[in-house]
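Colleague: What follows is model.cif, mmCIF, C-alpha atoms.
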data_run
#
loop_
_atom_site.group_PDB
_atom_site.id
_atom_site.type_symbol
_atom_site.label_atom_id
_atom_site.label_comp_id
_atom_site.auth_asym_id
_atom_site.auth_seq_id
_atom_site.Cartn_x
_atom_site.Cartn_y
_atom_site.Cartn_z
ATOM 1 C CA MET A 1 138.005 174.631 28.777
ATOM 2 C CA VAL A 2 136.450 173.187 31.912
ATOM 3 C CA GLU A 3 132.966 174.367 32.872
ATOM 4 C CA MET A 4 133.131 175.992 36.290
ATOM 5 C CA PRO A 5 130.714 177.598 38.736
ATOM 6 C CA SER A 6 130.358 181.318 38.109
ATOM 7 C CA ILE A 7 130.643 184.263 40.433
ATOM 8 C CA ASP A 8 128.859 187.585 40.220
ATOM 9 C CA GLN A 9 131.376 190.088 41.553
ATOM 10 C CA GLU A 10 128.702 192.732 42.056
ATOM 11 C CA LYS A 11 126.873 190.481 44.505
ATOM 12 C CA CYS A 12 129.973 188.986 46.168
ATOM 13 C CA ASN A 13 130.709 190.441 49.616
ATOM 14 C CA GLN A 14 134.115 188.696 49.817
ATOM 15 C CA CYS A 15 133.117 186.718 52.926
ATOM 16 C CA GLN A 16 135.171 183.771 51.599
ATOM 17 C CA LEU A 17 132.830 181.103 52.974
ATOM 18 C CA CYS A 18 132.916 179.516 49.499
ATOM 19 C CA ILE A 19 136.705 179.263 49.670
ATOM 20 C CA SER A 20 136.454 177.586 53.041
ATOM 21 C CA VAL A 21 134.078 174.842 51.839
ATOM 22 C CA CYS A 22 135.593 174.205 48.391
ATOM 23 C CA LYS A 23 137.340 170.843 48.509
ATOM 24 C CA CYS A 24 139.110 171.158 45.154
ATOM 25 C CA GLY A 25 140.776 174.558 45.410
ATOM 26 C CA ALA A 26 138.688 175.981 42.571
ATOM 27 C CA ILE A 27 137.905 179.153 44.480
ATOM 28 C CA VAL A 28 140.825 181.342 45.427
ATOM 29 C CA LEU A 29 141.699 184.904 46.297
ATOM 30 C CA VAL A 30 143.288 186.786 43.412
ATOM 31 C CA ASN A 31 144.404 190.263 44.482
ATOM 32 C CA ASP A 32 142.022 189.974 47.442
ATOM 33 C CA VAL A 33 139.078 189.182 45.169
ATOM 34 C CA VAL A 34 137.240 185.849 45.356
ATOM 35 C CA SER A 35 137.839 184.184 41.994
ATOM 36 C CA ILE A 36 137.247 180.855 40.281
ATOM 37 C CA VAL A 37 140.035 178.923 38.628
ATOM 38 C CA GLU A 38 139.479 176.116 36.157
ATOM 39 C CA THR A 39 140.119 172.655 37.484
ATOM 40 C CA GLU A 40 139.075 169.163 36.468
ATOM 41 C CA GLU A 41 138.845 168.404 40.196
ATOM 42 C CA CYS A 42 135.578 170.329 40.570
ATOM 43 C CA HIS A 43 132.797 167.750 40.770
ATOM 44 C CA TRP A 44 129.962 170.283 40.970
ATOM 45 C CA CYS A 45 129.205 169.530 44.591
ATOM 46 C CA THR A 46 127.462 172.972 44.743
ATOM 47 C CA ALA A 47 128.640 173.548 48.326
ATOM 48 C CA CYS A 48 129.940 176.994 47.312
ATOM 49 C CA GLU A 49 126.513 177.989 46.031
ATOM 50 C CA ALA A 50 124.838 176.559 49.135
ATOM 51 C CA VAL A 51 126.920 178.630 51.551
ATOM 52 C CA CYS A 52 126.983 181.892 49.588
ATOM 53 C CA PRO A 53 124.989 184.392 51.673
ATOM 54 C CA THR A 54 124.455 186.823 48.780
ATOM 55 C CA GLY A 55 123.638 184.461 45.931
ATOM 56 C CA ALA A 56 126.781 185.524 44.073
ATOM 57 C CA LEU A 57 127.884 181.982 43.287
ATOM 58 C CA SER A 58 126.031 179.901 40.751
ATOM 59 C CA CYS A 59 126.450 176.247 39.919
ATOM 60 C CA GLY A 60 124.040 176.049 37.046
ATOM 61 C CA PHE A 61 122.888 172.759 35.566
ATOM 62 C CA GLU A 62 122.117 172.271 31.935
ATOM 63 C CA ILE A 63 119.140 169.959 31.540
ATOM 64 C CA ILE A 64 119.309 167.691 28.523
ATOM 65 C CA ILE A 65 116.981 165.003 27.281
ATOM 66 C CA GLU A 66 119.129 162.017 26.417
ATOM 67 C CA MET B 1 142.675 181.223 71.429
ATOM 68 C CA VAL B 2 140.615 183.459 73.678
ATOM 69 C CA ILE B 3 137.100 184.746 73.373
ATOM 70 C CA ASP B 4 137.073 187.845 71.188
ATOM 71 C CA SER B 5 134.687 190.543 72.449
ATOM 72 C CA ASN B 6 133.944 191.712 68.892
ATOM 73 C CA LEU B 7 132.985 188.210 67.820
ATOM 74 C CA LEU B 8 130.890 187.803 70.964
ATOM 75 C CA ASN B 9 128.922 190.895 69.859
ATOM 76 C CA ASP B 10 127.807 188.979 66.779
ATOM 77 C CA ILE B 11 126.054 186.247 68.774
ATOM 78 C CA PRO B 12 122.365 186.966 68.158
ATOM 79 C CA PHE B 13 121.125 186.389 71.687
ATOM 80 C CA LEU B 14 123.796 188.641 73.208
ATOM 81 C CA ARG B 15 122.926 191.678 71.105
ATOM 82 C CA GLU B 16 120.485 192.970 73.704
ATOM 83 C CA LEU B 17 123.289 193.249 76.253
ATOM 84 C CA ASN B 18 125.299 196.440 76.606
ATOM 85 C CA SER B 19 129.065 196.273 76.323
ATOM 86 C CA SER B 20 129.739 195.973 80.045
ATOM 87 C CA GLU B 21 127.151 193.197 80.395
ATOM 88 C CA ARG B 22 128.734 191.378 77.451
ATOM 89 C CA GLU B 23 132.141 191.674 79.091
ATOM 90 C CA ALA B 24 130.611 190.217 82.258
ATOM 91 C CA VAL B 25 129.322 187.109 80.470
ATOM 92 C CA LYS B 26 132.454 186.679 78.357
ATOM 93 C CA PRO B 27 134.205 184.360 80.855
ATOM 94 C CA LEU B 28 131.265 181.935 80.657
ATOM 95 C CA PHE B 29 132.156 181.108 77.044
ATOM 96 C CA PHE B 30 134.940 178.971 75.636
ATOM 97 C CA ASP B 31 136.065 178.445 72.083
ATOM 98 C CA LYS B 32 136.500 175.275 70.092
ATOM 99 C CA ALA B 33 138.237 174.959 66.719
ATOM 100 C CA LEU B 34 137.457 172.096 64.341
ATOM 101 C CA ARG B 35 138.880 171.125 60.961
ATOM 102 C CA ARG B 36 136.856 170.268 57.889
ATOM 103 C CA GLY B 37 135.078 166.957 58.348
ATOM 104 C CA GLU B 38 135.210 166.913 62.145
ATOM 105 C CA MET B 39 131.950 166.538 64.048
ATOM 106 C CA ALA B 40 130.749 169.298 66.345
ATOM 107 C CA PHE B 41 128.151 166.976 67.859
ATOM 108 C CA LEU B 42 126.328 163.762 67.018
ATOM 109 C CA GLU B 43 122.670 162.908 66.642
ATOM 110 C CA GLY B 44 121.349 160.918 69.593
ATOM 111 C CA GLU B 45 124.016 162.035 72.030
ATOM 112 C CA PRO B 46 123.194 164.090 75.130
ATOM 113 C CA ALA B 47 124.001 167.792 74.915
ATOM 114 C CA ASP B 48 125.564 169.772 77.736
ATOM 115 C CA THR B 49 126.880 172.734 75.753
ATOM 116 C CA LEU B 50 125.185 175.343 73.584
ATOM 117 C CA TYR B 51 127.282 176.056 70.502
ATOM 118 C CA VAL B 52 127.283 179.139 68.318
ATOM 119 C CA LEU B 53 129.119 179.080 65.000
ATOM 120 C CA ILE B 54 131.566 181.975 64.848
ATOM 121 C CA THR B 55 133.557 181.304 61.677
ATOM 122 C CA GLY B 56 133.223 178.769 58.872
ATOM 123 C CA VAL B 57 130.383 176.583 57.670
ATOM 124 C CA VAL B 58 128.610 173.667 59.369
ATOM 125 C CA LYS B 59 126.372 171.019 57.864
ATOM 126 C CA ILE B 60 123.372 170.100 60.035
ATOM 127 C CA PHE B 61 121.997 166.703 59.106
ATOM 128 C CA LYS B 62 120.121 163.623 60.176
ATOM 129 C CA THR B 63 121.097 160.076 59.348
ATOM 130 C CA SER B 64 118.462 157.468 58.584
ATOM 131 C CA ALA B 65 118.588 153.862 59.826
ATOM 132 C CA ASN B 66 120.102 152.744 56.509
ATOM 133 C CA GLY B 67 122.809 155.400 56.737
ATOM 134 C CA LYS B 68 121.291 157.923 54.349
ATOM 135 C CA GLU B 69 122.150 161.509 55.122
ATOM 136 C CA GLN B 70 119.496 164.190 55.019
ATOM 137 C CA ILE B 71 120.816 167.727 55.166
ATOM 138 C CA ILE B 72 118.540 169.856 57.299
ATOM 139 C CA SER B 73 120.444 173.093 56.836
ATOM 140 C CA ILE B 74 123.816 174.640 56.160
ATOM 141 C CA SER B 75 124.784 176.933 59.014
ATOM 142 C CA THR B 76 126.833 180.053 58.479
ATOM 143 C CA PRO B 77 128.467 182.325 61.089
ATOM 144 C CA HIS B 78 126.479 183.581 64.082
ATOM 145 C CA GLU B 79 123.952 180.760 64.005
ATOM 146 C CA VAL B 80 123.080 178.864 67.166
ATOM 147 C CA LEU B 81 123.553 175.179 66.377
ATOM 148 C CA ASN B 82 121.892 173.091 69.063
ATOM 149 C CA ASP B 83 119.403 175.117 71.082
ATOM 150 C CA THR B 84 116.695 172.439 70.892
ATOM 151 C CA SER B 85 118.546 169.801 72.885
ATOM 152 C CA ILE B 86 119.933 172.322 75.352
ATOM 153 C CA PHE B 87 116.530 173.652 76.306
ATOM 154 C CA ASP B 88 114.438 170.483 76.226
ATOM 155 C CA GLY B 89 117.122 168.334 77.823
ATOM 156 C CA GLY B 90 116.785 165.613 75.204
ATOM 157 C CA PRO B 91 119.494 164.145 72.980
ATOM 158 C CA ASN B 92 120.784 166.004 69.890
ATOM 159 C CA PRO B 93 118.121 165.648 67.185
ATOM 160 C CA VAL B 94 120.745 166.236 64.468
ATOM 161 C CA SER B 95 124.466 165.905 63.813
ATOM 162 C CA ALA B 96 126.737 168.825 62.950
ATOM 163 C CA GLN B 97 129.847 168.469 60.803
ATOM 164 C CA ALA B 98 132.378 171.143 59.857
ATOM 165 C CA MET B 99 132.379 171.811 56.102
ATOM 166 C CA SER B 100 135.441 174.045 56.496
ATOM 167 C CA SER B 101 137.730 174.990 59.357
ATOM 168 C CA ILE B 102 135.381 176.379 61.954
ATOM 169 C CA THR B 103 135.365 178.176 65.270
ATOM 170 C CA LEU B 104 132.601 177.586 67.757
ATOM 171 C CA TYR B 105 131.868 179.487 70.929
ATOM 172 C CA GLY B 106 130.341 177.229 73.549
ATOM 173 C CA ILE B 107 128.640 177.779 76.874
ATOM 174 C CA LYS B 108 127.870 174.953 79.271
ATOM 175 C CA LYS B 109 124.220 174.433 80.123
ATOM 176 C CA ASP B 110 124.563 175.344 83.811
ATOM 177 C CA LYS B 111 126.378 178.563 82.954
ATOM 178 C CA LEU B 112 123.803 179.381 80.304
ATOM 179 C CA GLU B 113 121.027 179.012 82.864
ATOM 180 C CA LEU B 114 122.956 181.265 85.222
ATOM 181 C CA MET B 115 123.319 183.864 82.471
ATOM 182 C CA LEU B 116 119.606 183.717 81.632
ATOM 183 C CA LYS B 117 118.642 184.237 85.261
ATOM 184 C CA GLN B 118 120.964 187.207 85.541
ATOM 185 C CA TYR B 119 119.994 188.791 82.212
ATOM 186 C CA PRO B 120 116.370 187.799 81.441
ATOM 187 C CA LYS B 121 116.350 189.965 78.300
ATOM 188 C CA ILE B 122 118.522 187.296 76.635
ATOM 189 C CA THR B 123 115.590 184.898 77.053
ATOM 190 C CA LEU B 124 113.448 187.015 74.725
ATOM 191 C CA SER B 125 116.134 186.903 72.061
ATOM 192 C CA ILE B 126 116.377 183.137 72.405
ATOM 193 C CA ILE B 127 112.590 182.802 72.102
ATOM 194 C CA LYS B 128 112.846 184.815 68.871
ATOM 195 C CA ILE B 129 115.558 182.457 67.537
ATOM 196 C CA LEU B 130 113.491 179.396 68.458
ATOM 197 C CA SER B 131 110.372 180.902 66.872
ATOM 198 C CA GLU B 132 112.208 181.607 63.625
ATOM 199 C CA ARG B 133 113.411 178.007 63.615
ATOM 200 C CA THR B 134 109.882 176.712 64.246
ATOM 201 C CA ARG B 135 108.637 178.779 61.304
ATOM 202 C CA ARG B 136 111.363 177.320 59.040
ATOM 203 C CA LEU B 137 110.547 173.790 60.188
ATOM 204 C CA LEU B 138 106.846 174.323 59.558
ATOM 205 C CA ALA B 139 107.707 175.319 55.992
ATOM 206 C CA LEU B 140 109.779 172.160 55.744
ATOM 207 C CA ILE B 141 106.866 170.039 57.001
ATOM 208 C CA GLU B 142 104.812 171.487 54.157
ATOM 209 C CA ASP B 143 107.534 170.405 51.741
ATOM 210 C CA LEU B 144 107.627 166.936 53.191
ATOM 211 C CA SER B 145 104.567 166.174 51.203
ATOM 212 C CA PHE B 146 107.609 165.102 49.255
ATOM 213 C CA LYS B 147 105.710 163.312 46.533
ATOM 214 C CA HIS B 148 104.333 166.674 45.569
ATOM 215 C CA VAL B 149 107.750 168.356 45.485
ATOM 216 C CA ILE B 150 109.451 165.663 43.425
ATOM 217 C CA GLY B 151 106.746 166.103 40.784
ATOM 218 C CA ARG B 152 107.314 169.854 40.774
ATOM 219 C CA VAL B 153 111.076 169.386 40.380
ATOM 220 C CA GLY B 154 110.492 166.877 37.573
ATOM 221 C CA LYS B 155 108.225 169.363 35.804
ATOM 222 C CA ILE B 156 110.866 172.082 36.109
ATOM 223 C CA LEU B 157 113.431 169.774 34.527
ATOM 224 C CA LEU B 158 111.179 169.079 31.553
ATOM 225 C CA GLU B 159 110.314 172.740 31.119
ATOM 226 C CA HIS B 160 113.922 173.901 31.148
ATOM 227 C CA THR B 161 115.682 171.494 28.866
ATOM 228 C CA GLY B 162 118.549 172.974 26.875
ATOM 229 C CA ASP B 163 120.140 172.138 23.568
ATOM 230 C CA ASN B 164 123.504 171.094 25.012
ATOM 231 C CA SER B 165 124.968 174.476 24.088
ATOM 232 C CA GLY B 166 125.398 175.356 27.756
ATOM 233 C CA LYS B 167 123.446 178.583 27.305
ATOM 234 C CA GLN B 168 120.429 177.593 29.378
ATOM 235 C CA ARG B 169 121.346 176.801 32.947
ATOM 236 C CA LEU B 170 119.405 176.448 36.158
ATOM 237 C CA THR B 171 120.874 176.346 39.646
ATOM 238 C CA GLN B 172 119.410 174.312 42.493
ATOM 239 C CA GLN B 173 118.611 177.620 44.164
ATOM 240 C CA GLU B 174 116.612 178.708 41.123
ATOM 241 C CA MET B 175 114.823 175.361 40.944
ATOM 242 C CA ALA B 176 113.939 175.767 44.627
ATOM 243 C CA ALA B 177 112.568 179.243 43.984
ATOM 244 C CA ILE B 178 110.442 177.980 41.071
ATOM 245 C CA ALA B 179 109.193 174.947 43.008
ATOM 246 C CA GLY B 180 108.551 177.078 46.094
ATOM 247 C CA THR B 181 110.667 174.870 48.294
ATOM 248 C CA ALA B 182 114.029 174.790 50.032
ATOM 249 C CA ARG B 183 117.273 174.195 48.143
ATOM 250 C CA GLU B 184 117.917 171.097 50.268
ATOM 251 C CA VAL B 185 114.600 169.607 49.156
ATOM 252 C CA VAL B 186 115.546 170.138 45.498
ATOM 253 C CA ALA B 187 118.912 168.443 46.088
ATOM 254 C CA ARG B 188 117.123 165.490 47.678
ATOM 255 C CA SER B 189 114.559 165.319 44.870
ATOM 256 C CA LEU B 190 117.308 165.238 42.238
ATOM 257 C CA LYS B 191 119.094 162.495 44.149
ATOM 258 C CA THR B 192 115.877 160.470 44.341
ATOM 259 C CA LEU B 193 115.201 160.961 40.633
ATOM 260 C CA GLU B 194 118.717 159.718 39.935
ATOM 261 C CA GLU B 195 118.269 156.702 42.234
ATOM 262 C CA ARG B 196 115.073 155.823 40.383
ATOM 263 C CA GLY B 197 117.000 155.889 37.103
ATOM 264 C CA VAL B 198 114.988 158.740 35.647
ATOM 265 C CA VAL B 199 117.830 161.224 35.430
ATOM 266 C CA LYS B 200 121.608 161.030 35.504
ATOM 267 C CA ILE B 201 123.606 163.832 37.018
ATOM 268 C CA ASP B 202 126.871 164.268 35.162
ATOM 269 C CA ARG B 203 128.744 167.132 36.811
ATOM 270 C CA HIS B 204 126.963 170.278 35.534
ATOM 271 C CA ARG B 205 124.503 168.372 33.367
ATOM 272 C CA ILE B 206 121.245 166.722 34.315
ATOM 273 C CA LEU B 207 120.468 164.129 31.685
ATOM 274 C CA ILE B 208 116.867 163.016 31.504
ATOM 275 C CA THR B 209 117.421 159.369 30.722
ATOM 276 C CA ASP B 210 113.784 158.217 30.894
ATOM 277 C CA LYS B 211 111.459 161.010 29.817
ATOM 278 C CA GLN B 212 108.381 158.825 29.879
ATOM 279 C CA ALA B 213 108.986 157.671 33.446
ATOM 280 C CA LEU B 214 109.550 161.287 34.489
ATOM 281 C CA GLU B 215 106.279 162.363 32.907
ATOM 282 C CA GLU B 216 104.482 159.550 34.700
ATOM 283 C CA MET B 217 105.994 160.620 38.018
ATOM 284 C CA ILE B 218 104.802 164.177 37.426
ATOM 285 C CA LEU B 219 101.282 162.944 36.711
ATOM 286 C CA GLU B 220 101.274 160.702 39.781
ATOM 287 C CA SER B 221 102.302 163.522 42.090
ATOM 288 C CA ALA B 222 99.814 166.067 40.742
#
Do you think you could lay out the structure here as structure tokens?
Modeller:
Amino acid sequence: MVEMPSIDQEKCNQCQLCISVCKCGAIVLVNDVVSIVETEECHWCTACEAVCPTGALSCGFEIIIE
Amino acid sequence: MVIDSNLLNDIPFLRELNSSEREAVKPLFFDKALRRGEMAFLEGEPADTLYVLITGVVKIFKTSANGKEQIISISTPHEVLNDTSIFDGGPNPVSAQAMSSITLYGIKKDKLELMLKQYPKITLSIIKILSERTRRLLALIEDLSFKHVIGRVGKILLEHTGDNSGKQRLTQQEMAAIAGTAREVVARSLKTLEERGVVKIDRHRILITDKQALEEMILESA
């Protein structure tokens, strides 16, 4: 399982700006609903979170002391 | 492509116009489509056209002498991109790059001035846009006591460490809210912490590689 950004469908207004900025094709429309698909190509650039006008997309970081 | 009246309605400074007035100014505008990665305009170049983003996402940034990019903001539809240089006549203070396929509506400076003379109420709307921008920039100036912010971000990292189970997560947006700063400033702080070898960003993980150095940085910035 690949960790992926998450989307809160209750907050999502389906504007699709996230789809337009995603370089790896991780965000797609499934039955007209913005959805995330797992892909190793996602490098956590967080552009989707940055452009989301409703705060529906989250690219959370886990902070670990090495 | 032609100018779409419905999309024109979404331009903030045209909202004060009634529909017939908007139709009258419609021929003054032209559209421009760009693909991801293409530049809408470049820092330092003269500006002769006011651009409004209609669809897509644009990155507004400055480039330092050593080529470092500093994102000023991410623009989403209906934002005016380059009012500063249009109204003060100086060169573009920032560059703008398409982060997706975008559509811009542009109006040449001479036609804009014509429009403002004919419909002075647009001027008030533009003053409002410029004032909002000034307010945002003043908040940014506050954050540019950067030393202070980087310490706050470092403290947040130490206070939110997880156990590698993936249960405890923090987004840059959340870090910004906690630190009382802009998301862009958090992104820059994290990058700086990584450059200084204090943390390592590994996809969705932020590894604190030198806890002691991080603690010292927090103390120094207090």
Colleague: Go through B:Val52, B:Leu130, B:Ile71, B:Met99 and flag the residue nearest Val51 in chain A, using only C-alpha atoms for the distances.
Modeller: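 Comparing B:Val52, B:Leu130, B:Ile71, B:Met99 against Val51 in chain A, the winner is B:Met99.
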Colleague: So which residues get picked by the PyMOL selection byres ((chain B and resi 209) around 8) here, written as a list in words?
Modeller: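 Output of the PyMOL selection byres ((chain B and resi 209) around 8): Ile65 and Glu66 of chain A; Gly197, Val198, Val199, Lys200, Leu207, Ile208, Asp210 and Lys211 of chain B.
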Colleague: Using the chain letters and numbers from the file, give me the residues hit by the PyMOL selection byres ((chain B) within 6 of (chain A)), as a list in words.
Modeller: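 In the shown coordinates, the PyMOL selection byres ((chain B) within 6 of (chain A)) covers Met99, Ser100, Thr161, Gly162, Arg169, Leu170, Thr171, Arg203, His204, Arg205, Ile206, Leu207, Ile208 and Thr209 of chain B.
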Colleague: Can you list, as a list in words, every protein, DNA or RNA residue that comes within 6 Å of range 56-62 of chain B when you count all atoms listed in the file, leaving out same-chain residues fewer than 2 positions away?
Modeller: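 Once the nearby chain positions are removed, what remains is Glu69, Gln70, Ile71, Ile72, Ser73, Ile74, Ser75, Thr76, Val94, Ser95, Ala96, Gln97, Ala98, Met99, Ser100, Ser101 and Ile102 of chain B.
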Colleague: Which value, in Å to one decimal, gives the distance between CA of Gln118 in chain B and CA of Ile54 in chain B?
Modeller: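 CA of Ile54 in chain B lies at a distance of 23.8 Å from CA of Gln118 in chain B.
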Colleague: So which residues get picked by the PyMOL selection byres ((chain A and resi 35) around 10) here, written as a compact mmCIF listing (two decimals) with C-alpha atoms, in the coordinates of the input?
Modeller:
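Here's the written file out-v7.txt:
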# COMPACT_ATOMS: atom_id res chain seq x y z
CA SER A 6 130.36 181.32 38.11
CA ILE A 7 130.64 184.26 40.43
CA ASP A 8 128.86 187.58 40.22
CA GLN A 9 131.38 190.09 41.55
CA GLN A 14 134.12 188.70 49.82
CA GLN A 16 135.17 183.77 51.60
CA ILE A 19 136.71 179.26 49.67
CA ALA A 26 138.69 175.98 42.57
CA ILE A 27 137.90 179.15 44.48
CA VAL A 28 140.82 181.34 45.43
CA LEU A 29 141.70 184.90 46.30
CA VAL A 30 143.29 186.79 43.41
CA ASN A 31 144.40 190.26 44.48
CA ASP A 32 142.02 189.97 47.44
CA VAL A 33 139.08 189.18 45.17
CA VAL A 34 137.24 185.85 45.36
CA ILE A 36 137.25 180.86 40.28
CA VAL A 37 140.04 178.92 38.63
Colleague: For range 25-40 of chain A, where the input has fewer atoms than it should, I would like N, CA and C atoms rebuilt and written as a compact mmCIF listing (two decimals), keeping the file's coordinate frame.
Modeller:
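Saved as part_18.txt:
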# COMPACT_ATOMS: atom_id res chain seq x y z
N GLY A 25 139.91 173.40 45.64
CA GLY A 25 140.78 174.56 45.41
C GLY A 25 140.39 175.36 44.19
N ALA A 26 139.12 175.26 43.78
CA ALA A 26 138.69 175.98 42.57
C ALA A 26 138.39 177.45 42.86
N ILE A 27 138.22 177.76 44.14
CA ILE A 27 137.90 179.15 44.48
C ILE A 27 139.07 179.71 45.30
N VAL A 28 139.62 180.78 44.80
CA VAL A 28 140.82 181.34 45.43
C VAL A 28 140.71 182.86 45.49
N LEU A 29 141.62 183.45 46.26
CA LEU A 29 141.70 184.90 46.30
C LEU A 29 142.73 185.36 45.28
N VAL A 30 142.33 186.20 44.35
CA VAL A 30 143.29 186.79 43.41
C VAL A 30 143.24 188.29 43.66
N ASN A 31 144.36 188.84 44.11
CA ASN A 31 144.40 190.26 44.48
C ASN A 31 143.25 190.62 45.43
N ASP A 32 143.05 189.76 46.42
CA ASP A 32 142.02 189.97 47.44
C ASP A 32 140.59 189.90 46.91
N VAL A 33 140.42 189.32 45.73
CA VAL A 33 139.08 189.18 45.17
C VAL A 33 138.78 187.69 45.00
N VAL A 34 137.62 187.26 45.49
CA VAL A 34 137.24 185.85 45.36
C VAL A 34 137.07 185.51 43.87
N SER A 35 137.84 184.51 43.42
CA SER A 35 137.84 184.18 41.99
C SER A 35 137.79 182.67 41.80
N ILE A 36 137.35 182.28 40.61
CA ILE A 36 137.25 180.86 40.28
C ILE A 36 138.35 180.50 39.30
N VAL A 37 139.03 179.40 39.58
CA VAL A 37 140.04 178.92 38.63
C VAL A 37 139.56 177.58 38.05
N GLU A 38 139.91 177.36 36.81
CA GLU A 38 139.48 176.12 36.16
C GLU A 38 140.23 174.93 36.73
N THR A 39 139.48 173.90 37.04
CA THR A 39 140.12 172.66 37.48
C THR A 39 139.20 171.47 37.19
N GLU A 40 139.81 170.41 36.74
CA GLU A 40 139.07 169.16 36.47
C GLU A 40 138.59 168.54 37.78
